[in-house]
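Participant: Got protein-v9.cif for you, mmCIF, N, CA and C atoms and all ligand atoms:
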data_model
#
loop_
_atom_site.label_atom_id
_atom_site.label_comp_id
_atom_site.auth_asym_id
_atom_site.auth_seq_id
_atom_site.Cartn_x
_atom_site.Cartn_y
_atom_site.Cartn_z
N MET G 1 0.84 -1.20 0.00
CA MET G 1 0.00 0.00 0.00
C MET G 1 0.88 1.24 0.00
N THR G 2 0.62 2.12 -0.95
CA THR G 2 1.39 3.35 -1.05
C THR G 2 0.93 4.35 0.00
N ARG G 3 1.90 5.02 0.62
CA ARG G 3 1.60 6.03 1.65
C ARG G 3 2.16 7.37 1.21
N THR G 4 1.40 8.41 1.50
CA THR G 4 1.88 9.76 1.21
C THR G 4 2.05 10.52 2.51
N GLY G 5 2.84 11.60 2.44
CA GLY G 5 3.02 12.42 3.61
C GLY G 5 3.76 13.69 3.27
N SER G 6 3.89 14.57 4.26
CA SER G 6 4.59 15.83 4.03
C SER G 6 5.02 16.44 5.35
N CYS G 7 5.89 17.44 5.24
CA CYS G 7 6.30 18.22 6.40
C CYS G 7 5.20 19.22 6.77
N PHE G 8 5.44 20.00 7.82
CA PHE G 8 4.49 20.99 8.31
C PHE G 8 4.08 21.98 7.23
N CYS G 9 5.06 22.51 6.49
CA CYS G 9 4.75 23.57 5.51
C CYS G 9 4.39 23.02 4.12
N GLY G 10 4.66 21.75 3.88
CA GLY G 10 4.33 21.15 2.59
C GLY G 10 5.41 21.30 1.53
N ALA G 11 6.53 21.93 1.87
CA ALA G 11 7.61 22.09 0.89
C ALA G 11 8.23 20.73 0.53
N VAL G 12 8.24 19.81 1.50
CA VAL G 12 8.77 18.47 1.26
C VAL G 12 7.61 17.48 1.34
N GLN G 13 7.41 16.73 0.26
CA GLN G 13 6.36 15.71 0.24
C GLN G 13 6.99 14.39 -0.17
N PHE G 14 6.36 13.31 0.24
CA PHE G 14 6.94 12.00 -0.12
C PHE G 14 5.85 11.00 -0.41
N VAL G 15 6.26 9.98 -1.15
CA VAL G 15 5.45 8.80 -1.39
C VAL G 15 6.29 7.60 -0.97
N ALA G 16 5.76 6.79 -0.07
CA ALA G 16 6.44 5.55 0.34
C ALA G 16 5.69 4.39 -0.29
N SER G 17 6.38 3.66 -1.16
CA SER G 17 5.72 2.54 -1.86
C SER G 17 5.63 1.31 -0.97
N GLU G 18 6.34 1.34 0.15
CA GLU G 18 6.37 0.20 1.07
C GLU G 18 6.75 0.74 2.44
N ILE G 19 6.13 0.23 3.49
CA ILE G 19 6.57 0.59 4.84
C ILE G 19 6.79 -0.65 5.66
N GLY G 20 7.66 -0.51 6.68
CA GLY G 20 7.88 -1.58 7.63
C GLY G 20 7.14 -1.27 8.91
N LYS G 21 7.80 -1.50 10.03
CA LYS G 21 7.13 -1.38 11.33
C LYS G 21 7.31 0.00 11.95
N LEU G 22 6.42 0.28 12.90
CA LEU G 22 6.50 1.51 13.69
C LEU G 22 7.17 1.20 15.02
N GLY G 23 8.24 1.94 15.31
CA GLY G 23 8.93 1.79 16.58
C GLY G 23 9.13 3.15 17.24
N ALA G 24 9.27 3.14 18.56
CA ALA G 24 9.56 4.37 19.30
C ALA G 24 10.99 4.33 19.79
N CYS G 25 11.72 5.43 19.58
CA CYS G 25 13.07 5.56 20.12
C CYS G 25 13.08 6.68 21.15
N HIS G 26 13.51 6.33 22.36
CA HIS G 26 13.54 7.30 23.46
C HIS G 26 14.94 7.85 23.72
N CYS G 27 15.87 7.66 22.79
CA CYS G 27 17.24 8.12 23.05
C CYS G 27 17.26 9.65 23.18
N THR G 28 18.28 10.16 23.84
CA THR G 28 18.32 11.60 24.09
C THR G 28 18.47 12.39 22.79
N SER G 29 19.12 11.81 21.78
CA SER G 29 19.24 12.51 20.50
C SER G 29 17.88 12.67 19.84
N CYS G 30 17.07 11.61 19.83
CA CYS G 30 15.73 11.72 19.24
C CYS G 30 14.85 12.65 20.07
N GLN G 31 15.02 12.63 21.39
CA GLN G 31 14.24 13.56 22.23
C GLN G 31 14.54 15.00 21.87
N ARG G 32 15.82 15.31 21.68
CA ARG G 32 16.17 16.70 21.37
C ARG G 32 15.80 17.05 19.93
N TRP G 33 15.80 16.04 19.08
CA TRP G 33 15.47 16.28 17.66
C TRP G 33 13.98 16.52 17.47
N THR G 34 13.16 15.69 18.11
CA THR G 34 11.71 15.74 17.86
C THR G 34 10.92 16.41 18.97
N GLY G 35 11.52 16.58 20.15
CA GLY G 35 10.79 17.09 21.30
C GLY G 35 10.15 15.99 22.13
N GLY G 36 10.26 14.77 21.69
CA GLY G 36 9.72 13.62 22.42
C GLY G 36 10.38 12.38 21.87
N PRO G 37 9.77 11.21 22.04
CA PRO G 37 10.33 10.04 21.38
C PRO G 37 10.16 10.15 19.87
N LEU G 38 11.07 9.53 19.12
CA LEU G 38 10.84 9.41 17.68
C LEU G 38 9.90 8.23 17.46
N LEU G 39 8.71 8.52 16.94
CA LEU G 39 7.80 7.46 16.50
C LEU G 39 8.08 7.27 15.03
N GLY G 40 8.95 6.31 14.73
CA GLY G 40 9.47 6.18 13.37
C GLY G 40 8.90 4.98 12.64
N VAL G 41 8.44 5.23 11.41
CA VAL G 41 7.98 4.16 10.53
C VAL G 41 9.15 3.80 9.62
N SER G 42 9.57 2.55 9.61
CA SER G 42 10.70 2.20 8.75
C SER G 42 10.25 2.11 7.30
N VAL G 43 11.08 2.69 6.43
CA VAL G 43 10.83 2.67 4.99
C VAL G 43 12.11 2.19 4.32
N PRO G 44 12.02 1.11 3.54
CA PRO G 44 13.23 0.59 2.90
C PRO G 44 13.82 1.59 1.92
N GLU G 45 15.15 1.53 1.78
CA GLU G 45 15.80 2.35 0.78
C GLU G 45 15.20 2.04 -0.59
N GLY G 46 14.94 3.07 -1.37
CA GLY G 46 14.36 2.87 -2.69
C GLY G 46 12.85 2.93 -2.69
N ALA G 47 12.25 2.83 -1.50
CA ALA G 47 10.79 2.88 -1.42
C ALA G 47 10.29 4.29 -1.12
N LEU G 48 11.22 5.22 -0.83
CA LEU G 48 10.83 6.58 -0.48
C LEU G 48 11.16 7.53 -1.63
N VAL G 49 10.13 8.10 -2.23
CA VAL G 49 10.31 9.06 -3.31
C VAL G 49 9.92 10.44 -2.77
N VAL G 50 10.89 11.37 -2.83
CA VAL G 50 10.72 12.68 -2.21
C VAL G 50 10.60 13.76 -3.27
N THR G 51 9.65 14.67 -3.10
CA THR G 51 9.62 15.88 -3.92
C THR G 51 9.90 17.07 -3.00
N GLY G 52 10.57 18.08 -3.56
CA GLY G 52 11.00 19.21 -2.74
C GLY G 52 12.30 18.93 -2.02
N SER G 53 13.08 18.02 -2.58
CA SER G 53 14.31 17.60 -1.89
C SER G 53 15.31 18.75 -1.73
N GLU G 54 15.14 19.83 -2.53
CA GLU G 54 16.03 20.98 -2.37
C GLU G 54 15.80 21.69 -1.03
N HIS G 55 14.69 21.37 -0.36
CA HIS G 55 14.41 21.97 0.95
C HIS G 55 14.92 21.10 2.12
N VAL G 56 15.47 19.93 1.79
CA VAL G 56 15.89 19.00 2.84
C VAL G 56 17.28 19.37 3.35
N VAL G 57 17.40 19.52 4.66
CA VAL G 57 18.68 19.79 5.31
C VAL G 57 19.08 18.54 6.09
N THR G 58 20.25 18.00 5.79
CA THR G 58 20.69 16.75 6.41
C THR G 58 21.92 16.98 7.26
N ARG G 59 21.88 16.44 8.47
CA ARG G 59 23.02 16.56 9.38
C ARG G 59 23.49 15.17 9.78
N ARG G 60 24.80 15.00 9.83
CA ARG G 60 25.34 13.76 10.38
C ARG G 60 25.28 13.86 11.90
N THR G 61 24.57 12.92 12.52
CA THR G 61 24.34 13.00 13.96
C THR G 61 24.95 11.85 14.73
N SER G 62 25.54 10.90 14.03
CA SER G 62 26.28 9.83 14.70
C SER G 62 27.17 9.18 13.66
N GLY G 63 27.93 8.22 14.09
CA GLY G 63 28.84 7.53 13.18
C GLY G 63 28.14 6.59 12.23
N TRP G 64 26.83 6.40 12.40
CA TRP G 64 26.12 5.42 11.57
C TRP G 64 24.82 5.95 10.99
N ALA G 65 24.52 7.23 11.19
CA ALA G 65 23.23 7.71 10.69
C ALA G 65 23.23 9.23 10.55
N THR G 66 22.27 9.70 9.73
CA THR G 66 22.02 11.13 9.58
C THR G 66 20.56 11.41 9.94
N ARG G 67 20.29 12.68 10.25
CA ARG G 67 18.92 13.12 10.47
C ARG G 67 18.64 14.30 9.54
N SER G 68 17.45 14.29 8.93
CA SER G 68 17.09 15.34 7.99
C SER G 68 15.86 16.09 8.46
N ASN G 69 15.87 17.40 8.19
CA ASN G 69 14.74 18.28 8.52
C ASN G 69 14.35 19.09 7.30
N CYS G 70 13.15 19.61 7.29
CA CYS G 70 12.77 20.59 6.28
C CYS G 70 13.46 21.91 6.61
N GLY G 71 14.18 22.47 5.64
CA GLY G 71 14.89 23.72 5.87
C GLY G 71 13.96 24.92 5.89
N THR G 72 12.73 24.74 5.49
CA THR G 72 11.76 25.84 5.46
C THR G 72 10.96 25.92 6.76
N CYS G 73 10.40 24.80 7.22
CA CYS G 73 9.57 24.82 8.44
C CYS G 73 10.22 24.13 9.62
N GLY G 74 11.28 23.35 9.39
CA GLY G 74 11.98 22.71 10.50
C GLY G 74 11.50 21.33 10.86
N SER G 75 10.42 20.83 10.26
CA SER G 75 9.92 19.50 10.62
C SER G 75 11.01 18.43 10.49
N PRO G 76 11.14 17.54 11.48
CA PRO G 76 11.98 16.36 11.29
C PRO G 76 11.40 15.52 10.15
N LEU G 77 12.26 15.09 9.21
CA LEU G 77 11.78 14.35 8.04
C LEU G 77 12.11 12.87 8.10
N TRP G 78 13.36 12.55 8.45
CA TRP G 78 13.73 11.14 8.58
C TRP G 78 15.09 10.99 9.24
N TYR G 79 15.20 9.85 9.89
CA TYR G 79 16.46 9.33 10.40
C TYR G 79 16.90 8.31 9.37
N ARG G 80 18.15 8.37 8.94
CA ARG G 80 18.58 7.43 7.91
C ARG G 80 19.86 6.71 8.33
N TYR G 81 19.79 5.39 8.28
CA TYR G 81 20.98 4.57 8.54
C TYR G 81 21.91 4.65 7.34
N ASP G 82 23.20 4.76 7.63
CA ASP G 82 24.19 4.69 6.56
C ASP G 82 24.14 3.32 5.92
N LYS G 83 24.39 3.30 4.64
CA LYS G 83 24.60 2.01 4.00
C LYS G 83 25.84 1.38 4.61
N GLY G 84 25.80 0.10 4.76
CA GLY G 84 26.97 -0.57 5.31
C GLY G 84 26.87 -0.78 6.80
N VAL G 85 26.01 -0.01 7.48
CA VAL G 85 25.82 -0.23 8.91
C VAL G 85 24.76 -1.30 9.12
N ASP G 86 23.56 -1.02 8.66
CA ASP G 86 22.57 -2.10 8.65
C ASP G 86 22.48 -2.71 7.26
N GLY G 87 23.32 -2.21 6.34
CA GLY G 87 23.41 -2.79 5.01
C GLY G 87 22.37 -2.28 4.04
N THR G 88 21.52 -1.34 4.47
CA THR G 88 20.41 -0.97 3.62
C THR G 88 20.30 0.51 3.33
N GLY G 89 20.66 1.37 4.25
CA GLY G 89 20.37 2.80 4.07
C GLY G 89 18.91 3.11 4.27
N SER G 90 18.23 2.30 5.08
CA SER G 90 16.78 2.49 5.27
C SER G 90 16.49 3.75 6.08
N TYR G 91 15.23 4.18 6.03
CA TYR G 91 14.78 5.40 6.69
C TYR G 91 13.86 5.07 7.86
N GLU G 92 13.84 5.96 8.83
CA GLU G 92 12.81 5.98 9.86
C GLU G 92 12.09 7.31 9.71
N VAL G 93 10.85 7.26 9.24
CA VAL G 93 10.08 8.48 8.96
C VAL G 93 9.08 8.70 10.09
N PRO G 94 9.06 9.89 10.69
CA PRO G 94 8.12 10.14 11.79
C PRO G 94 6.68 9.86 11.40
N LEU G 95 5.99 9.12 12.26
CA LEU G 95 4.60 8.73 12.01
C LEU G 95 3.73 9.94 11.68
N GLY G 96 3.98 11.05 12.37
CA GLY G 96 3.13 12.22 12.21
C GLY G 96 3.16 12.85 10.84
N LEU G 97 4.16 12.51 10.02
CA LEU G 97 4.23 13.08 8.67
C LEU G 97 3.28 12.39 7.70
N PHE G 98 2.85 11.17 8.05
CA PHE G 98 2.01 10.40 7.12
C PHE G 98 0.58 10.92 7.13
N ASP G 99 -0.04 10.90 5.95
CA ASP G 99 -1.43 11.32 5.83
C ASP G 99 -2.38 10.28 6.44
N GLU G 100 -2.08 9.00 6.24
CA GLU G 100 -2.89 7.91 6.80
C GLU G 100 -2.03 7.16 7.80
N LYS G 101 -2.45 7.12 9.07
CA LYS G 101 -1.59 6.52 10.09
C LYS G 101 -2.35 5.72 11.15
N ASP G 102 -3.66 5.63 11.05
CA ASP G 102 -4.43 4.93 12.08
C ASP G 102 -4.21 3.43 12.10
N ASP G 103 -3.73 2.89 10.98
CA ASP G 103 -3.59 1.43 10.89
C ASP G 103 -2.15 0.97 11.04
N ILE G 104 -1.29 1.81 11.63
CA ILE G 104 0.12 1.45 11.81
C ILE G 104 0.38 1.28 13.31
N PRO G 105 0.40 0.06 13.82
CA PRO G 105 0.54 -0.14 15.27
C PRO G 105 1.99 -0.01 15.75
N LEU G 106 2.14 0.45 16.98
CA LEU G 106 3.46 0.50 17.61
C LEU G 106 3.89 -0.92 17.96
N THR G 107 5.08 -1.32 17.50
CA THR G 107 5.51 -2.71 17.70
C THR G 107 6.75 -2.86 18.57
N SER G 108 7.45 -1.77 18.85
CA SER G 108 8.62 -1.89 19.73
C SER G 108 9.03 -0.52 20.26
N GLU G 109 9.77 -0.55 21.38
CA GLU G 109 10.39 0.66 21.92
C GLU G 109 11.85 0.34 22.21
N ILE G 110 12.71 1.31 21.89
CA ILE G 110 14.13 1.15 22.21
C ILE G 110 14.60 2.35 23.04
N PHE G 111 15.74 2.15 23.71
CA PHE G 111 16.26 3.14 24.66
C PHE G 111 15.20 3.42 25.73
N ILE G 112 14.52 2.37 26.15
CA ILE G 112 13.44 2.52 27.13
C ILE G 112 13.98 3.09 28.45
N ASP G 113 15.26 2.85 28.72
CA ASP G 113 15.86 3.35 29.96
C ASP G 113 16.13 4.86 29.90
N PHE G 114 15.91 5.48 28.75
CA PHE G 114 16.05 6.93 28.63
C PHE G 114 14.70 7.64 28.55
N LYS G 115 13.61 6.87 28.58
CA LYS G 115 12.27 7.45 28.50
C LYS G 115 11.99 8.30 29.73
N PRO G 116 11.48 9.52 29.56
CA PRO G 116 11.06 10.30 30.72
C PRO G 116 10.01 9.53 31.53
N ALA G 117 10.07 9.67 32.86
CA ALA G 117 9.21 8.85 33.72
C ALA G 117 7.74 9.25 33.66
N GLY G 118 7.44 10.43 33.13
CA GLY G 118 6.09 10.95 33.21
C GLY G 118 5.07 10.42 32.23
N PHE G 119 5.48 9.52 31.34
CA PHE G 119 4.51 8.92 30.42
C PHE G 119 4.99 7.53 30.04
N ALA G 120 4.07 6.73 29.50
CA ALA G 120 4.42 5.40 28.99
C ALA G 120 3.41 5.02 27.92
N PHE G 121 3.88 4.34 26.90
CA PHE G 121 2.98 3.84 25.85
C PHE G 121 2.36 2.53 26.29
N ALA G 122 1.07 2.36 25.97
CA ALA G 122 0.39 1.10 26.25
C ALA G 122 0.84 0.05 25.24
N GLY G 123 0.49 -1.19 25.52
CA GLY G 123 0.76 -2.25 24.56
C GLY G 123 1.78 -3.24 25.07
N ASN G 124 1.66 -4.45 24.60
CA ASN G 124 2.52 -5.54 25.06
C ASN G 124 3.58 -5.86 24.01
N HIS G 125 4.42 -4.87 23.70
CA HIS G 125 5.46 -5.03 22.69
C HIS G 125 6.83 -5.04 23.37
N PRO G 126 7.87 -5.47 22.66
CA PRO G 126 9.21 -5.46 23.26
C PRO G 126 9.68 -4.05 23.62
N ARG G 127 10.35 -3.94 24.78
CA ARG G 127 10.94 -2.67 25.21
C ARG G 127 12.39 -2.96 25.57
N ARG G 128 13.31 -2.40 24.79
CA ARG G 128 14.71 -2.74 24.97
C ARG G 128 15.50 -1.54 25.50
N THR G 129 16.46 -1.83 26.35
CA THR G 129 17.34 -0.80 26.88
C THR G 129 18.47 -0.52 25.89
N ARG G 130 19.17 0.54 26.15
CA ARG G 130 20.33 0.88 25.32
C ARG G 130 21.33 -0.28 25.30
N ALA G 131 21.61 -0.86 26.46
CA ALA G 131 22.59 -1.94 26.53
C ALA G 131 22.13 -3.17 25.74
N GLU G 132 20.84 -3.36 25.64
CA GLU G 132 20.33 -4.52 24.90
C GLU G 132 20.45 -4.35 23.39
N ILE G 133 20.39 -3.12 22.91
CA ILE G 133 20.43 -2.94 21.45
C ILE G 133 21.79 -2.54 20.93
N MET G 134 22.63 -1.94 21.77
CA MET G 134 23.96 -1.57 21.29
C MET G 134 25.00 -1.74 22.40
N PRO G 135 25.24 -2.96 22.76
CA PRO G 135 26.10 -3.24 23.92
C PRO G 135 27.54 -2.75 23.78
N ALA G 136 28.00 -2.62 22.53
CA ALA G 136 29.42 -2.28 22.36
C ALA G 136 29.65 -0.79 22.17
N SER G 137 28.58 0.00 22.03
CA SER G 137 28.79 1.39 21.69
C SER G 137 28.96 2.27 22.93
N PRO G 138 29.93 3.17 22.88
CA PRO G 138 30.13 4.09 23.99
C PRO G 138 29.25 5.31 23.90
N GLU G 139 28.53 5.48 22.79
CA GLU G 139 27.78 6.71 22.58
C GLU G 139 26.28 6.45 22.47
N GLY G 140 25.54 7.52 22.35
CA GLY G 140 24.10 7.43 22.13
C GLY G 140 23.80 7.12 20.67
N ALA G 141 22.57 7.34 20.30
CA ALA G 141 22.15 7.04 18.93
C ALA G 141 22.08 8.31 18.11
ZN ZN G 201 8.46 22.15 5.62
ZN ZN G 202 16.77 7.69 18.93
#
Just give me the structure as structure tokens.
Ligand SMILES: [Zn+2]
Ligand SMILES: [Zn+2]

Facilitator:
Amino acid sequence: MTRTGSCFCGAVQFVASEIGKLGACHCTSCQRWTGGPLLGVSVPEGALVVTGSEHVVTRRTSGWATRSNCGTCGSPLWYRYDKGVDGTGSYEVPLGLFDEKDDIPLTSEIFIDFKPAGFAFAGNHPRRTRAEIMPASPEGA
């Protein structure tokens, strides 16, 4: 099923021909980037077609990934894994950018040990700590 979406101002629009799962990342980098957890829908490399790409501002935010925002309105657009790290260059696109999102369930949470104590998501899905997902890394995500 094809999915469409856009940033706050509409300068950047996308069509995802395929989506994977919805996960929440509570790492401090995603908190500062989005203002809360990143509720990211995975989109395989090659499945994301972007229009308005001249408005996309991309920053390298770790040794294995970049984060992109709309340079016009500031909306977070996607977290992207480098090719060669997970082997794909896949994207994590914030759920809120999608036009249709009611049928995309939350299936996992990571960096659960960094989640602020004042809220919690319902559901009986896996919740992994930083040490469980990246035991060898000295840094955040
Ligand atoms: Zn925008
Ligand atoms: Zn994160």

Participant: Report as CSV the residues of chain G within 5 Å of ligand ZN 202 (chain G), each with its shortest atom pair and distance in Å (one decimal), using only N, CA and C atoms and all ligand atoms, ordered by chain and increasing residue number.

Facilitator:
residue,atom,partner,partner_atom,distance
G:Cys25,C,G:ZN202,ZN,4.4
G:His26,N,G:ZN202,ZN,4.9
G:Cys27,N,G:ZN202,ZN,4.0
G:Cys30,N,G:ZN202,ZN,4.0

Participant: Keeping only N, CA and C atoms, write those residues as a compact mmCIF listing (two decimals), keeping the file's coordinate frame.

Facilitator:
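Full text of selection-v5.txt as output:
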# COMPACT_ATOMS: atom_id res chain seq x y z
N CYS G 25 11.72 5.43 19.58
CA CYS G 25 13.07 5.56 20.12
C CYS G 25 13.08 6.68 21.15
N HIS G 26 13.51 6.33 22.36
CA HIS G 26 13.54 7.30 23.46
C HIS G 26 14.94 7.85 23.72
N CYS G 27 15.87 7.66 22.79
CA CYS G 27 17.24 8.12 23.05
C CYS G 27 17.26 9.65 23.18
N CYS G 30 17.07 11.61 19.83
CA CYS G 30 15.73 11.72 19.24
C CYS G 30 14.85 12.65 20.07

Participant: One decimal, in Å: what's the spacing between CA of Ala122 in chain G and CA of Leu48 in chain G?

Facilitator: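 So the two atoms, CA of Ala122 in chain G and CA of Leu48 in chain G, lie 29.2 Å apart.
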
Participant: Using only C-alpha atoms and all ligand atoms, find the one residue out of G:Arg32, G:Lys21, G:Arg128, G:His55 that sits nearest to ligand ZN 201 (chain G).

Facilitator: G:His55

Participant: Separation of CA of Trp64 in chain G and atom N of Ser17 in chain G, in Å?

Facilitator: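 Atom-to-atom, CA of Trp64 in chain G to atom N of Ser17 in chain G, that is 23.6 Å.
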
Participant: With distances taken over only C-alpha atoms, which residue among G:Phe119, G:Tyr81, G:Pro76, G:Thr34 lies nearest Gly63 in chain G?

Facilitator: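 Between G:Phe119, G:Tyr81, G:Pro76, G:Thr34, the residue approaching Gly63 in chain G most closely is G:Tyr81.
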
Participant: In Å, with one decimal, what is the gap from atom C of Trp78 in chain G to CA of Gln13 in chain G?

Facilitator: 13.4 Å

Participant: Set the cut-off to 6 Å, count all atoms listed in the file, and list whatever residues fall near ligand ZN 201 (chain G) as a ChimeraX atom specification.

Facilitator: /G:7-12,70-75

Participant: Out of G:Glu45, G:Asp103, G:Glu92, G:Glu109, which residue has the shortest atom-to-atom distance to His125 in chain G when counting all atoms listed in the file?

Facilitator: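 Nearest to His125 in chain G: G:Glu109.
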
Participant: Given only C-alpha atoms as the basis, pick out the residue of G:Gly23, G:Gly40, G:Gly5, G:Gly46 nearest to Ser90 in chain G.

Facilitator: G:Gly46

Participant: Restricting the calculation to all atoms listed in the file, which member of G:Leu77, G:Ile19, G:Ala24, G:Leu95 is positioned closest to Pro44 in chain G?

Facilitator: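 Smallest separation from Pro44 in chain G among the options: G:Ile19.
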
Participant: Can you work out which one of G:Thr58, G:Ile133, G:Phe121, G:Asp99 has the shortest atom-to-atom distance to Thr4 in chain G, counting all atoms listed in the file?

Facilitator: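 Comparing G:Thr58, G:Ile133, G:Phe121, G:Asp99 against Thr4 in chain G, the winner is G:Asp99.
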
Participant: From the DSSP assignment of the backbone, select every residue of chain G that is alpha helix (DSSP H), and format the answer as a list in words.

Facilitator: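 Everything in chain G that counts as alpha helix (DSSP H) is Thr28, Ser29, Cys30, Gln31, Arg32, Trp33, Thr34, Arg130, Ala131, Glu132 and Ile133 of chain G.
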
Participant: Give me a file of those residues, with N, CA and C atoms, as a short mmCIF file (atom, residue, chain, number, x, y, z; two decimals), keeping the file's coordinate frame.

Facilitator:
data_model
loop_
_atom_site.label_atom_id
_atom_site.label_comp_id
_atom_site.auth_asym_id
_atom_site.auth_seq_id
_atom_site.Cartn_x
_atom_site.Cartn_y
_atom_site.Cartn_z
N THR G 28 18.28 10.16 23.84
CA THR G 28 18.32 11.60 24.09
C THR G 28 18.47 12.39 22.79
N SER G 29 19.12 11.81 21.78
CA SER G 29 19.24 12.51 20.50
C SER G 29 17.88 12.67 19.84
N CYS G 30 17.07 11.61 19.83
CA CYS G 30 15.73 11.72 19.24
C CYS G 30 14.85 12.65 20.07
N GLN G 31 15.02 12.63 21.39
CA GLN G 31 14.24 13.56 22.23
C GLN G 31 14.54 15.00 21.87
N ARG G 32 15.82 15.31 21.68
CA ARG G 32 16.17 16.70 21.37
C ARG G 32 15.80 17.05 19.93
N TRP G 33 15.80 16.04 19.08
CA TRP G 33 15.47 16.28 17.66
C TRP G 33 13.98 16.52 17.47
N THR G 34 13.16 15.69 18.11
CA THR G 34 11.71 15.74 17.86
C THR G 34 10.92 16.41 18.97
N ARG G 130 19.17 0.54 26.15
CA ARG G 130 20.33 0.88 25.32
C ARG G 130 21.33 -0.28 25.30
N ALA G 131 21.61 -0.86 26.46
CA ALA G 131 22.59 -1.94 26.53
C ALA G 131 22.13 -3.17 25.74
N GLU G 132 20.84 -3.36 25.64
CA GLU G 132 20.33 -4.52 24.90
C GLU G 132 20.45 -4.35 23.39
N ILE G 133 20.39 -3.12 22.91
CA ILE G 133 20.43 -2.94 21.45
C ILE G 133 21.79 -2.54 20.93
#

Participant: Would you list the contacts of Tyr91 in chain G as a ChimeraX atom specification, taking every protein, DNA or RNA residue within 6 Å and counting only N, CA and C atoms, but skipping same-chain residues closer than 2 positions in sequence?

Facilitator: /G:41-45,79-81,89,93

Participant: Which residues in chain G does DSSP call strand (DSSP E or B)? List them as a PyMOL selection string.

Facilitator: chain G and resi 3-6+13-16+22-25+38-43+48-51+56-60+65-70+76-81+91-94+98+106-110+127-128
